[in-house]
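Written out below as structure tokens is the structure these notes cover.
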Amino acid sequence: MQPATMDPAEEPPSMLWGLDPIFCAFARMYVRDILQMTESIQVPVDDGTGVINCLCWKNDLFKEEADPTKSGGKHSDGAQGGFNPVAELALLRQAQQSRCRLEIGELLRVRGPVKTSRQQREIMASTFYKVNDPVMAVQIALMMEVPQLYRQCYDKPLQLQPNATGDSALSSLSKATNIIKEFLKQKSVTRFRPYDVQDLLQPLISSQPQTASADLEPVAGPSACQQLRQLLKEALQILQDEGVVYRKVKSQDEVYQVTAHNTDLLIAVKDVIREDSQREKYAEKGCHILHILSAVRQRHSLNVSKATLELVLKSLECNSDIVSTSDDHYTAF
């Protein structure tokens, strides 16, 4: 991690920091780099191989208490020869205290945000515990892993698109899918064909910058119409992958069904769950999502995807038509 001062003009806006996955992760760094890391001119940020203080507030776990097995007297004798929950709880508490009491020279693993207090940086340890490493295997593995993290992640700057701003950093494809989604929602469309939504994406093609030079001969490339059809094709594919739309029958006539507004699909899913939940095999735990998917494909359409089914199940559950009994299991009353 380079500690050099960052040019304010090169620093991305703070509202874009969340686009960097490292921003929300606990980075494994050298203490030296934490101490030398420069602070942002927008929001103070501290991030470093040296000595750094680690602050941890003690809780009730560190308080000394009398041994309940000794003060219990006759109460402890009642469980003699069997399981004594009071004594076991005391042993568990002693084990926790021994794990949390630290001695000089012990190896620790610490996690927490970096703060500046009295002009010195320190780690607010939200999690810490001892590491048993008699042959230094853990330390060697860490020192081999951290350089890789630096090369592959930390030292690589966040690459933003040239037109990315605080208002929007979406690509044309993402904008296209959002435009179609909004149209389907506002108009309560149940089904459509590609040419029904093609004109909605025309502004995205028209707004693309045209770069041409008078000194150079024109180079043949895709026309605006070809670009529009390709953008529409990719946007519809994303909507299918997300389960927002699906094709009930695949034929030359491309008709897309809108999952959220297709009452036939909702009824088919609900009927499958209600009927099969009454069977002894599914009475206790409910129907698994893969079983529901197989039944819906036989009853409604072979082209129903798992993503489409998940959206339908979520809608039915929000309306209390079905209930999820466990992970990927559903039943109906």
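By order of appearance in the structure tokens: chains A, B, ..., then residues from 1 within every chain, and ligands from 1 in the order shown.
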
Practice problem: May I have the residues within 12 Å of Gly243 of chain A as a ChimeraX atom specification, using only C-alpha atoms and disregarding those fewer than 3 positions away in the same chain? | Solution: /A:181,236-240,246-247,256-260,303-314

Just write the chosen residues, N, CA, C and O atoms, as a compact mmCIF listing (two decimals), in the first residue's frame.
# COMPACT_ATOMS: atom_id res chain seq x y z
N LYS A 181 -37.91 -2.45 -17.21
CA LYS A 181 -38.56 -2.82 -15.95
C LYS A 181 -39.57 -1.77 -15.53
O LYS A 181 -40.69 -2.09 -15.11
N LEU A 236 -33.08 -8.01 -22.75
CA LEU A 236 -34.10 -9.04 -22.55
C LEU A 236 -33.49 -10.31 -21.96
O LEU A 236 -34.14 -11.00 -21.16
N GLN A 237 -32.27 -10.63 -22.35
CA GLN A 237 -31.61 -11.80 -21.80
C GLN A 237 -31.35 -11.62 -20.31
O GLN A 237 -31.51 -12.56 -19.51
N ILE A 238 -30.95 -10.42 -19.90
CA ILE A 238 -30.74 -10.15 -18.47
C ILE A 238 -32.05 -10.27 -17.71
O ILE A 238 -32.10 -10.84 -16.61
N LEU A 239 -33.13 -9.74 -18.28
CA LEU A 239 -34.43 -9.83 -17.62
C LEU A 239 -34.87 -11.29 -17.48
O LEU A 239 -35.50 -11.66 -16.47
N GLN A 240 -34.55 -12.13 -18.46
CA GLN A 240 -34.86 -13.55 -18.34
C GLN A 240 -34.00 -14.22 -17.27
O GLN A 240 -34.50 -15.04 -16.49
N TYR A 246 -40.25 -14.22 -18.99
CA TYR A 246 -39.94 -15.54 -19.52
C TYR A 246 -40.80 -15.78 -20.76
O TYR A 246 -41.81 -15.10 -20.97
N ARG A 247 -40.37 -16.71 -21.57
CA ARG A 247 -41.13 -17.08 -22.76
C ARG A 247 -41.85 -18.40 -22.50
O ARG A 247 -41.21 -19.42 -22.29
N TYR A 256 -42.94 -12.43 -24.70
CA TYR A 256 -42.40 -12.49 -23.36
C TYR A 256 -43.51 -12.29 -22.34
O TYR A 256 -44.29 -11.35 -22.45
N GLN A 257 -43.57 -13.18 -21.38
CA GLN A 257 -44.53 -13.07 -20.28
C GLN A 257 -43.87 -12.34 -19.11
O GLN A 257 -42.72 -12.61 -18.77
N VAL A 258 -44.61 -11.42 -18.50
CA VAL A 258 -44.11 -10.68 -17.35
C VAL A 258 -44.48 -11.46 -16.09
O VAL A 258 -45.66 -11.69 -15.81
N THR A 259 -43.49 -11.89 -15.36
CA THR A 259 -43.70 -12.79 -14.22
C THR A 259 -44.64 -12.20 -13.19
O THR A 259 -45.56 -12.86 -12.71
N ALA A 260 -44.42 -10.95 -12.82
CA ALA A 260 -45.20 -10.34 -11.74
C ALA A 260 -46.67 -10.17 -12.08
O ALA A 260 -47.51 -10.12 -11.18
N ASN A 303 -40.43 -23.66 -19.88
CA ASN A 303 -39.44 -22.59 -19.92
C ASN A 303 -39.40 -21.76 -18.65
O ASN A 303 -38.70 -20.74 -18.61
N VAL A 304 -40.14 -22.16 -17.64
CA VAL A 304 -40.09 -21.44 -16.36
C VAL A 304 -38.76 -21.73 -15.68
O VAL A 304 -38.42 -22.90 -15.43
N SER A 305 -38.00 -20.70 -15.38
CA SER A 305 -36.70 -20.86 -14.74
C SER A 305 -36.84 -20.80 -13.22
O SER A 305 -37.88 -20.39 -12.68
N LYS A 306 -35.78 -21.19 -12.53
CA LYS A 306 -35.77 -21.12 -11.08
C LYS A 306 -35.87 -19.68 -10.59
O LYS A 306 -36.54 -19.39 -9.59
N ALA A 307 -35.21 -18.75 -11.31
CA ALA A 307 -35.29 -17.34 -10.92
C ALA A 307 -36.71 -16.82 -11.04
O ALA A 307 -37.18 -16.06 -10.18
N THR A 308 -37.42 -17.24 -12.09
CA THR A 308 -38.81 -16.84 -12.25
C THR A 308 -39.67 -17.40 -11.12
O THR A 308 -40.50 -16.69 -10.54
N LEU A 309 -39.46 -18.66 -10.79
CA LEU A 309 -40.22 -19.28 -9.70
C LEU A 309 -39.95 -18.60 -8.38
O LEU A 309 -40.87 -18.40 -7.57
N GLU A 310 -38.72 -18.21 -8.13
CA GLU A 310 -38.38 -17.55 -6.86
C GLU A 310 -39.12 -16.23 -6.72
O GLU A 310 -39.57 -15.87 -5.62
N LEU A 311 -39.27 -15.48 -7.82
CA LEU A 311 -40.04 -14.23 -7.76
C LEU A 311 -41.50 -14.50 -7.46
O LEU A 311 -42.14 -13.76 -6.70
N VAL A 312 -42.06 -15.55 -8.05
CA VAL A 312 -43.45 -15.90 -7.80
C VAL A 312 -43.65 -16.32 -6.34
O VAL A 312 -44.61 -15.91 -5.68
N LEU A 313 -42.74 -17.15 -5.84
CA LEU A 313 -42.84 -17.59 -4.45
C LEU A 313 -42.74 -16.41 -3.48
O LEU A 313 -43.45 -16.35 -2.47
N LYS A 314 -41.87 -15.47 -3.79
CA LYS A 314 -41.75 -14.28 -2.94
C LYS A 314 -43.03 -13.47 -2.94
O LYS A 314 -43.47 -12.98 -1.89

Self-check item: Residue with smallest distance to His329 of chain A - pool A:Lys250, A:His300, A:His291, A:Arg151, counting only C-alpha atoms
Solution: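 The shortest atom-to-atom distance to His329 of chain A comes from A:His291.
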
Quiz item: A:Ser301, A:Ser294, A:Thr331, A:Cys153: which is nearest Tyr282 of chain A, counting only C-alpha atoms?
Solution: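 When distances to Tyr282 of chain A are compared using only C-alpha atoms, the smallest one comes from A:Thr331.
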
Quiz prompt | Backbone-only DSSP, strand (DSSP E or B) members of segment 116-315 of chain A, as a list in words | solution =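 Selection result, strand (DSSP E or B) within segment 116-315 of chain A: Thr116, Ser117, Gln120, Arg121, Glu122, Ile123, Met124, Thr127, Phe128, Tyr129, Lys130, Arg191, Phe192, Val245, Tyr246, Tyr256, Gln257, Val258, Cys287 and His288 of chain A.
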
File of the preceding selection, C-alpha atoms, as a PDB file, in the first residue's frame:
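Output (out33.pdb):
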ATOM      1  CA  THR A 116      -7.184   8.345  15.467  1.00  0.00           C
ATOM      2  CA  SER A 117      -7.023   9.318  19.142  1.00  0.00           C
ATOM      3  CA  GLN A 120      -2.126   8.501  17.290  1.00  0.00           C
ATOM      4  CA  ARG A 121      -3.753   5.739  15.344  1.00  0.00           C
ATOM      5  CA  GLU A 122      -5.195   2.740  17.103  1.00  0.00           C
ATOM      6  CA  ILE A 123      -7.431  -0.199  16.316  1.00  0.00           C
ATOM      7  CA  MET A 124     -10.834  -0.370  17.994  1.00  0.00           C
ATOM      8  CA  THR A 127     -13.039  -8.997  17.766  1.00  0.00           C
ATOM      9  CA  PHE A 128      -9.858 -10.494  19.170  1.00  0.00           C
ATOM     10  CA  TYR A 129      -8.763 -13.938  20.279  1.00  0.00           C
ATOM     11  CA  LYS A 130      -5.637 -15.920  20.989  1.00  0.00           C
ATOM     12  CA  ARG A 191     -46.911  -9.851 -22.103  1.00  0.00           C
ATOM     13  CA  PHE A 192     -45.080  -8.067 -24.895  1.00  0.00           C
ATOM     14  CA  VAL A 245     -39.778 -12.150 -17.846  1.00  0.00           C
ATOM     15  CA  TYR A 246     -39.938 -15.541 -19.523  1.00  0.00           C
ATOM     16  CA  TYR A 256     -42.396 -12.494 -23.357  1.00  0.00           C
ATOM     17  CA  GLN A 257     -44.527 -13.074 -20.280  1.00  0.00           C
ATOM     18  CA  VAL A 258     -44.114 -10.684 -17.346  1.00  0.00           C
ATOM     19  CA  CYS A 287     -42.545 -28.774  -0.834  1.00  0.00           C
ATOM     20  CA  HIS A 288     -38.978 -28.136  -1.933  1.00  0.00           C
TER      21      HIS A 288
END
